[in-house]
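*Asks:* Quick one: the structure is below, questions incoming.
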Amino acid sequence: MDHYDYTLWVSGTSLMLLANALSAQEKVDAFDVQLFAWLKAEQDTGAFTAADDWQHDYLNSQQGLGMVFSARQQQRNPAAAGRRIKPLEALLPALLEVLPATEHAAVQASLKALLALPAGHPALQALRAEAVQDGTSDGKTPGAISVELRVVLPGARVFASSLYLTTRESLAQAWLDAPLAADSLGQLRLSSYVGELHDATFATIRSDLRATLKDTRNWYLLQAKI
């Protein structure tokens, strides 16, 4: 089959790639599931307060809305000495492992176009505001990154990878593509999952959730036009 074309969106700490073939309802559902789960996890835990608990809460909230997971993986891999880690470059292989091969080239092309945007682009600034916690200048408090790369295909199918790390290095404005020295890292966790939204379950709460998030969606959701 041919690959889908994508639009890129920022929602909280998630960089979302939505297939253009999604119906209008599927698009709003995709936004609402992610945003509700993210807001609840932030309220209950906080990504930079207890990262593992936050990830657990984030996935459980999606499950409570009707997301059925068919694959979940997690790796804790301190980088080999001398290596340098770029956040988006680290996220991509974990995503491609679970994403249909037909989508690899289109997703990679979309992300390449994203990196060509100026660091001051409103969507990238919004993502940085939520996904990056700057450390102190004296290095005593490390900086941290908590970010998700999320692809949504027709049929409410979700393919995602997420990264959490801490570093003693200063985090650049163009942090997605900025290399971090391996020996500067503290924690490093890569996760991936595949899910599908069960429509019969979600249909019972769709209208109420849409109404609840109406104003919040407008605040957090931004398109990164490429």
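How things are named: the first chain in the structure tokens is A, the next is B, and so on; residues count from 1 in each chain; ligands count from 1 in the order shown.
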I want to know what sits within 9 Å of A:Phe31, based on only C-alpha atoms, with residues of the same chain fewer than 6 positions away left out; could you give that as a PyMOL selection string?
*Replies:* chain A and resi 11+16+217+221
*Asks:* Using only C-alpha atoms, what table do you get, as a tab-separated table, when you list each residue of stretch 31-95 of chain A with an atom no more than 6 Å from stretch 170-187 of chain A, its nearest pair of atoms, and their distance in Å rounded to one decimal, rows by chain then rising number?
*Replies:*
```
residue	atom	partner	partner_atom	distance
A:Ala79	CA	A:Ala182	CA	5.5
A:Arg83	CA	A:Ala182	CA	5.4
A:Arg84	CA	A:Ala181	CA	4.5
A:Ile85	CA	A:Leu180	CA	5.0
A:Lys86	CA	A:Pro179	CA	4.5
A:Pro87	CA	A:Leu176	CA	5.3
A:Leu88	CA	A:Leu176	CA	5.3
```
*Asks:* Go ahead and write the selection's residues with C-alpha atoms as a compact mmCIF listing (two decimals), in the first residue's frame.
*Replies:*
```txt
# COMPACT_ATOMS: atom_id res chain seq x y z
CA ALA A 79 24.70 5.36 26.36
CA ARG A 83 28.51 8.63 22.32
CA ARG A 84 26.38 11.69 21.84
CA ILE A 85 22.60 11.50 22.03
CA LYS A 86 20.16 13.63 20.05
CA PRO A 87 16.63 13.39 21.53
CA LEU A 88 14.72 13.05 18.26
```
*Asks:* I need the residue nearest A:Leu15 from this list: A:Leu91, A:Leu163, A:Val158, A:Val147. Use only C-alpha atoms for the distance.
*Replies:*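 Closest candidate: A:Val147.
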*Asks:* Which of stretch 19-223 of chain A counts as strand (DSSP E or B) under DSSP, as an MDAnalysis selection string please?
*Replies:* chainID A and resid 19 67:75 84:85 132:133 143:153 157:167 180:181 185:197 221:223
*Asks:* Residues near stretch 120-131 of chain A, anyone? I mean within 6 Å using only C-alpha atoms, not counting same-chain ones fewer than 3 positions away, as a PyMOL selection string.
*Replies:* chain A and resi 12-13+145-147+222+224
*Asks:* Print the selection's residues with N, CA and C atoms to a file, as a tab-separated table (two decimals), in the first residue's frame.
*Replies:*
```tsv
chain	number	residue	atom	x	y	z
A	12	GLY	N	0.92	19.27	24.49
A	12	GLY	CA	1.65	18.99	25.73
A	12	GLY	C	3.08	18.60	25.42
A	13	THR	N	3.49	17.42	25.87
A	13	THR	CA	4.84	16.93	25.61
A	13	THR	C	4.88	15.97	24.42
A	145	ILE	N	14.39	16.07	29.99
A	145	ILE	CA	13.53	16.04	28.81
A	145	ILE	C	12.53	14.92	28.97
A	146	SER	N	11.27	15.21	28.71
A	146	SER	CA	10.21	14.20	28.68
A	146	SER	C	9.37	14.47	27.44
A	147	VAL	N	9.48	13.61	26.43
A	147	VAL	CA	8.84	13.89	25.15
A	147	VAL	C	8.36	12.60	24.50
A	222	LEU	N	-1.20	22.92	18.97
A	222	LEU	CA	-0.65	23.81	17.95
A	222	LEU	C	-0.15	22.98	16.77
A	224	ALA	N	2.37	22.36	13.70
A	224	ALA	CA	3.69	22.72	13.18
A	224	ALA	C	3.64	22.54	11.67
```
*Asks:* Please identify all polymer residues within 9 Å of stretch 199-216 of chain A, counting only C-alpha atoms, omitting same-chain residues fewer than 6 positions from it, and present them as a ChimeraX atom specification.
*Replies:* /A:28-29,32-33,35-36,65-67,156
*Asks:* Residues of the last selection are to be written out with N, CA and C atoms, as a short mmCIF file (atom, residue, chain, number, x, y, z; two decimals), in the first residue's frame.
*Replies:*
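The resulting part_30.cif:
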```cif
data_model
loop_
_atom_site.label_atom_id
_atom_site.label_comp_id
_atom_site.auth_asym_id
_atom_site.auth_seq_id
_atom_site.Cartn_x
_atom_site.Cartn_y
_atom_site.Cartn_z
N VAL A 28 -10.13 14.48 16.05
CA VAL A 28 -10.49 15.05 17.35
C VAL A 28 -10.34 14.01 18.45
N ASP A 29 -10.73 12.77 18.17
CA ASP A 29 -10.55 11.70 19.15
C ASP A 29 -9.08 11.53 19.51
N ASP A 32 -8.04 14.37 21.76
CA ASP A 32 -8.66 14.34 23.08
C ASP A 32 -8.09 13.24 23.97
N VAL A 33 -7.85 12.06 23.40
CA VAL A 33 -7.30 10.96 24.19
C VAL A 33 -5.91 11.34 24.71
N LEU A 35 -4.50 14.38 24.97
CA LEU A 35 -4.49 15.55 25.83
C LEU A 35 -5.06 15.25 27.21
N PHE A 36 -6.17 14.51 27.26
CA PHE A 36 -6.74 14.18 28.56
C PHE A 36 -5.76 13.35 29.38
N LEU A 65 -9.74 5.30 28.78
CA LEU A 65 -10.59 5.90 27.75
C LEU A 65 -10.95 4.92 26.64
N GLY A 66 -10.36 3.73 26.68
CA GLY A 66 -10.67 2.73 25.67
C GLY A 66 -9.49 2.33 24.80
N MET A 67 -8.29 2.80 25.12
CA MET A 67 -7.11 2.41 24.35
C MET A 67 -6.72 0.98 24.71
N ALA A 156 -7.99 4.56 14.24
CA ALA A 156 -7.60 4.97 15.60
C ALA A 156 -6.42 4.16 16.12
#
```
*Asks:* Point out the residue among A:Lys225, A:His56, A:Thr141, A:Ser161 with the least atom-to-atom distance to A:Val98, counting only C-alpha atoms.
*Replies:* A:Ser161
*Asks:* Hey, which of A:Thr7, A:Thr166, A:Asn218, A:Gln223 ends up closest to A:Ser110? Count only C-alpha atoms.
*Replies:*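 Nearest candidate to A:Ser110 out of A:Thr7, A:Thr166, A:Asn218, A:Gln223: A:Thr7.
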